[in-house]
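Everything on this sheet refers to the single structure shown next.
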Amino acid sequence: MNPTLNYQSIFVAGHRGMVGSAVCRRLQGIDDLRMITYSRSELDLEDAAAVLDMFQQEQPEAVVFAAARVGGIHANNQYPVEFMTENLNAQLATISAAYKTGVKRFLFLGSTCIYPRMAKQPITEDQLLASPLEPTNEAYALAKICGLKLCQYYRRQHGVLFHSAMPTNLYGPGDNYHPQHSHVLPAMIRRFHEAKEAGLPSVTIWGTGSPRREFLHVDDLADALVHLIQIADPPDWVNVGSGKDLSILELAELIADVVGFEGTIEKDPSKPDGTPRKLTDISLLRQTGWEPKIGLKEGIATTYQDFLSNSVAGTLRAV
Ligand SMILES: NC(=O)c1ccc[n+]([C@@H]2O[C@H](COP(=O)([O-])OP(=O)(O)OC[C@H]3O[C@@H](n4cnc5c(N)ncnc54)[C@H](OP(=O)(O)O)[C@@H]3O)[C@@H](O)[C@H]2O)c1
């Protein structure tokens with residue numbers, strides 16, 4: 001018999017994105033579940049009237065909100081107006097339509113990158129708004145914090161189970177492999193793969209290699225999200241991470257090993273290192289009864305296979 005969910009219908013907002021598609025994979029095969037999805041061309045979540053209309057028609061019992069305008073430092077810095085307004089509009093339209101139509105459960109996606117710039121490490125949930133934000137993504141962070149807080153206020157004022165998850169750096173299927181705009185892990189997969197193919201003797205990584213970072217496979221995140229929408233009294237927001245970090249050099253060595261790159265790894269200390277450590281405290285998540293399951297090496301290996309098949313099929317995401 002297939003597993004079941006507490007709900008018979010669920011709207012996954014942003015189902016074509018990295019997180020939304022992982023949530024859909026996780027929900028596939030659950031008995032008696034109607035999954036509701038709309039692409040942006042079918043439903044622009046910034047269009048509040050259209051969003052309310054959809055909720056009235058479809059009557060979802062639960063929502064996972066994984067739609068967002070996301071981007072790297074450069075895009076965030078250059079387009080703060082779009083990052084703030086588009087995220088605020090889509091969140092407000094969806095959260096309020098969910099409340100108006102009696103949605104039983106709403107899970108909003110935050111991010112550990114909305115914690116303050118100098119958040120104490122490992123980052124606990126009470127660090128939110130405890131000190132100034134990172135200036136380069138302030139507009140995005142403020143918009144996301146509004147979404148998270150709006151869920152908390154609905155819960156407090158109206159007793160509805162609207163709450164949030166704060167994922168750490170993610171990797172896995174559907175990631176972005178753009179040569180300039182991608183995150184460190186997919187960027188390294190691409191660079192080590194291309195170096196192996198070209199027979200290059202070495203790959204140079206930025207900085208000293210010593211900053212420490214945490215990574216979570218997106219399928220682990222999706223599993224955690226499905227767990228969170230089923231527990232009776234979830235935290236208003238909870239970190240979702242692996243709880244383990246490693247240095248950028250260790251990450252490079254791991255990826256080189258998985259990819260089969262046999263050259264050397266050089267460092268370029270003239271390039272910036274960024275913050276020395278970024279790690280989330282996942283004690284609260286553990287207390288809710290969930291543990292990460294996908295080890296980093298195993299996760300990178302399956303991600304590399306996904307990278308290879310998408311490269312061959314010409315469907316690699318590079319935006
Ligand atoms: N990826 C990470 O490492 C990471 C880490 C922590 C937290 N998160 C959080 O997880 C959430 C999802 O991130 P992601 O990496 O999955 O992003 P993504 O791959 O860019 O997916 C976002 C999705 O949202 C859709 N969308 C955006 N605005 C929309 C609108 N107005 N109407 C309809 N659809 C809209 C996009 O549609 P189009 O494709 O049509 O634009 C896209 O499919 C975000 O809140 C992000 O902060 C991600």
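Residue numbering restarts at 1 for every chain of the structure tokens, chains are lettered A, B, ... in their displayed order, and ligands are numbered from 1 as they appear.
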
* Contacts of Val64 (chain A) within 7 Å, only C-alpha atoms, excl. fewer than 6 positions in-chain, as a PyMOL selection string -> chain A and resi 11-13+106-108

Could you write those residues out with C-alpha atoms, as a CSV table (one decimal), in the first residue's frame?
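File selection34.csv, as written:
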chain,number,residue,atom,x,y,z
A,11,PHE,CA,-1.1,23.2,-4.0
A,12,VAL,CA,2.7,23.2,-4.7
A,13,ALA,CA,3.5,26.8,-5.7
A,106,PHE,CA,0.3,26.5,4.7
A,107,LEU,CA,4.1,25.9,4.6
A,108,PHE,CA,6.1,28.9,3.5

* Please run DSSP on the backbone and report, as a VMD selection string, all residues within region 136-249 of chain A that come out as strand (DSSP E or B). => chain A and resid 161 to 167 170 to 171 202 to 207 212 to 214 216 to 217 237 to 240 245 to 247

* If you count only C-alpha atoms and all ligand atoms, which residues end up within 9 Å of ligand 1, as a PyMOL selection string? -> chain A and resi 13-22+38-47+65-71+86-87+89-91+108-114+140-141+144+165-171+174-176+183+215-216+218+240

Per residue of region 156-205 of chain A within 12 Å of region 252-268 of chain A, what are the shortest atom pair and its distance in Å to one decimal, counting only C-alpha atoms, with rows by chain and residue number, as JSON lines?
{"residue": "A:Val184", "atom": "CA", "partner": "A:Ala252", "partner_atom": "CA", "distance": 9.6}
{"residue": "A:Leu185", "atom": "CA", "partner": "A:Ile255", "partner_atom": "CA", "distance": 8.3}
{"residue": "A:Pro186", "atom": "CA", "partner": "A:Ile255", "partner_atom": "CA", "distance": 9.6}
{"residue": "A:Ala187", "atom": "CA", "partner": "A:Ala252", "partner_atom": "CA", "distance": 10.4}
{"residue": "A:Met188", "atom": "CA", "partner": "A:Ala252", "partner_atom": "CA", "distance": 6.9}
{"residue": "A:Ile189", "atom": "CA", "partner": "A:Ile255", "partner_atom": "CA", "distance": 6.3}
{"residue": "A:Arg190", "atom": "CA", "partner": "A:Val259", "partner_atom": "CA", "distance": 9.4}
{"residue": "A:Arg191", "atom": "CA", "partner": "A:Ala256", "partner_atom": "CA", "distance": 9.5}
{"residue": "A:Phe192", "atom": "CA", "partner": "A:Ala256", "partner_atom": "CA", "distance": 6.1}
{"residue": "A:His193", "atom": "CA", "partner": "A:Val259", "partner_atom": "CA", "distance": 6.1}
{"residue": "A:Glu194", "atom": "CA", "partner": "A:Phe261", "partner_atom": "CA", "distance": 9.3}
{"residue": "A:Ala195", "atom": "CA", "partner": "A:Phe261", "partner_atom": "CA", "distance": 7.3}
{"residue": "A:Lys196", "atom": "CA", "partner": "A:Phe261", "partner_atom": "CA", "distance": 5.1}
{"residue": "A:Glu197", "atom": "CA", "partner": "A:Phe261", "partner_atom": "CA", "distance": 8.8}
{"residue": "A:Ala198", "atom": "CA", "partner": "A:Phe261", "partner_atom": "CA", "distance": 10.4}
{"residue": "A:Gly199", "atom": "CA", "partner": "A:Gly263", "partner_atom": "CA", "distance": 8.4}
{"residue": "A:Leu200", "atom": "CA", "partner": "A:Gly263", "partner_atom": "CA", "distance": 7.0}
{"residue": "A:Pro201", "atom": "CA", "partner": "A:Gly263", "partner_atom": "CA", "distance": 4.7}
{"residue": "A:Ser202", "atom": "CA", "partner": "A:Thr264", "partner_atom": "CA", "distance": 4.6}
{"residue": "A:Val203", "atom": "CA", "partner": "A:Ile265", "partner_atom": "CA", "distance": 5.1}
{"residue": "A:Thr204", "atom": "CA", "partner": "A:Glu266", "partner_atom": "CA", "distance": 4.4}
{"residue": "A:Ile205", "atom": "CA", "partner": "A:Lys267", "partner_atom": "CA", "distance": 5.0}

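The shortest atom-to-atom distance to Gln230 (chain A), with only C-alpha atoms taken into account, belongs to A:Leu5 out of A:Val81, A:Leu5, A:Leu128, A:Ala50.
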
* Using the chain letters and numbers from this document, which residues of region 84-273 of chain A does DSSP assign to alpha helix (DSSP H), as a ChimeraX atom specification? -> /A:84-100,138-158,184-198,218-228,248-259

* To do: Might you pull out every residue within 10 Å of Pro135 (chain A), with only C-alpha atoms counted and same-chain residues fewer than 6 positions away left off, and present them as a ChimeraX atom specification?
  => /A:73,76-77,116-117,141

* For Gly159 (chain A), the nearest of the candidates A:Leu33, A:Ala301, A:Leu251, A:Val103, counting only C-alpha atoms -> A:Val103

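Going from CA of Thr288 (chain A) over to CA of Trp237 (chain A), you cover 11.9 Å.
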
* Can you list, as a PyMOL selection string, every protein, DNA or RNA residue that comes within 12 Å of Thr315 (chain A) when you count only C-alpha atoms, leaving out same-chain residues fewer than 3 positions away? -> chain A and resi 173-177+306-312+318-319

How would the residues just picked look written out with all heavy atoms as a short mmCIF file (atom, residue, chain, number, x, y, z; two decimals), in the first residue's frame?
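The resulting file, result_20.cif, is shown below:
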data_model
loop_
_atom_site.label_atom_id
_atom_site.label_comp_id
_atom_site.auth_asym_id
_atom_site.auth_seq_id
_atom_site.Cartn_x
_atom_site.Cartn_y
_atom_site.Cartn_z
N PRO A 173 18.91 17.59 -8.08
CA PRO A 173 18.29 17.74 -9.40
C PRO A 173 17.61 19.11 -9.55
O PRO A 173 17.04 19.63 -8.60
CB PRO A 173 17.24 16.63 -9.44
CG PRO A 173 17.65 15.67 -8.39
CD PRO A 173 18.41 16.42 -7.36
N GLY A 174 17.71 19.66 -10.75
CA GLY A 174 17.05 20.94 -11.02
C GLY A 174 17.90 22.14 -10.65
O GLY A 174 17.46 23.29 -10.76
N ASP A 175 19.15 21.90 -10.20
CA ASP A 175 20.00 23.01 -9.81
C ASP A 175 20.44 23.80 -11.05
O ASP A 175 20.32 23.35 -12.18
CB ASP A 175 21.24 22.48 -9.07
CG ASP A 175 21.69 23.42 -7.97
OD1 ASP A 175 21.38 24.63 -8.06
OD2 ASP A 175 22.37 22.96 -7.04
N ASN A 176 20.97 24.99 -10.78
CA ASN A 176 21.40 25.91 -11.83
C ASN A 176 22.91 25.76 -12.06
O ASN A 176 23.68 25.91 -11.12
CB ASN A 176 21.04 27.33 -11.38
CG ASN A 176 21.41 28.37 -12.41
OD1 ASN A 176 21.74 28.04 -13.55
ND2 ASN A 176 21.36 29.62 -12.01
N TYR A 177 23.30 25.47 -13.30
CA TYR A 177 24.72 25.25 -13.62
C TYR A 177 25.30 26.39 -14.45
O TYR A 177 26.27 26.18 -15.18
CB TYR A 177 24.87 23.90 -14.34
CG TYR A 177 24.64 22.74 -13.42
CD1 TYR A 177 23.38 22.16 -13.30
CD2 TYR A 177 25.67 22.23 -12.63
CE1 TYR A 177 23.14 21.10 -12.43
CE2 TYR A 177 25.45 21.16 -11.75
CZ TYR A 177 24.19 20.61 -11.67
OH TYR A 177 23.97 19.57 -10.81
N ASP A 306 22.67 13.19 -12.60
CA ASP A 306 21.59 14.04 -13.11
C ASP A 306 22.18 15.13 -14.04
O ASP A 306 21.64 15.43 -15.10
CB ASP A 306 20.86 14.66 -11.92
CG ASP A 306 19.67 15.49 -12.35
OD1 ASP A 306 18.69 14.88 -12.81
OD2 ASP A 306 19.73 16.73 -12.23
N PHE A 307 23.33 15.70 -13.62
CA PHE A 307 24.03 16.69 -14.44
C PHE A 307 24.40 16.08 -15.79
O PHE A 307 24.19 16.68 -16.85
CB PHE A 307 25.29 17.16 -13.68
CG PHE A 307 26.28 17.94 -14.53
CD1 PHE A 307 26.16 19.31 -14.67
CD2 PHE A 307 27.34 17.29 -15.16
CE1 PHE A 307 27.07 20.03 -15.45
CE2 PHE A 307 28.25 18.01 -15.94
CZ PHE A 307 28.11 19.38 -16.07
N LEU A 308 24.94 14.85 -15.75
CA LEU A 308 25.37 14.20 -17.00
C LEU A 308 24.18 13.94 -17.92
O LEU A 308 24.22 14.23 -19.12
CB LEU A 308 26.08 12.87 -16.69
CG LEU A 308 27.47 12.99 -16.04
CD1 LEU A 308 28.00 11.61 -15.69
CD2 LEU A 308 28.45 13.72 -16.95
N SER A 309 23.09 13.39 -17.35
CA SER A 309 21.96 13.07 -18.25
C SER A 309 21.34 14.33 -18.81
O SER A 309 20.94 14.36 -19.98
CB SER A 309 20.94 12.14 -17.59
OG SER A 309 20.70 12.53 -16.30
N ASN A 310 21.28 15.41 -18.02
CA ASN A 310 20.73 16.66 -18.55
C ASN A 310 21.67 17.29 -19.58
O ASN A 310 21.20 17.91 -20.54
CB ASN A 310 20.45 17.65 -17.42
CG ASN A 310 19.12 17.36 -16.76
OD1 ASN A 310 18.08 17.38 -17.40
ND2 ASN A 310 19.16 17.04 -15.48
N SER A 311 22.98 17.13 -19.37
CA SER A 311 23.94 17.66 -20.36
C SER A 311 23.72 16.97 -21.70
O SER A 311 23.65 17.62 -22.75
CB SER A 311 25.38 17.42 -19.92
OG SER A 311 25.62 18.04 -18.71
N VAL A 312 23.59 15.64 -21.65
CA VAL A 312 23.41 14.86 -22.88
C VAL A 312 22.10 15.24 -23.56
O VAL A 312 22.03 15.43 -24.78
CB VAL A 312 23.46 13.34 -22.56
CG1 VAL A 312 23.04 12.52 -23.77
CG2 VAL A 312 24.85 12.95 -22.10
N ALA A 318 20.76 26.51 -16.87
CA ALA A 318 21.88 27.46 -16.75
C ALA A 318 21.35 28.87 -17.00
O ALA A 318 21.51 29.40 -18.08
CB ALA A 318 22.98 27.10 -17.71
N VAL A 319 20.69 29.41 -15.94
CA VAL A 319 20.05 30.72 -16.12
C VAL A 319 20.70 31.81 -15.28
O VAL A 319 21.26 31.54 -14.25
CB VAL A 319 18.55 30.66 -15.74
CG1 VAL A 319 17.77 29.94 -16.82
CG2 VAL A 319 18.33 30.01 -14.39
#

* Length of the CA of His163 (chain A) to CA of Ala143 (chain A) vector [Å] -> 15.6 Å

* Residue nearest Met84 (chain A) - candidates A:Pro3, A:Gly243, A:Gly29, A:Gly147, atoms counted: only C-alpha atoms ->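 For Met84 (chain A), the nearest of the candidates is A:Gly147.
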
* Nearest to Pro122 (chain A) among A:Glu250, A:Asp281, A:Glu61, A:Asp220, with distances taken over only C-alpha atoms: which residue is it? -> A:Asp281
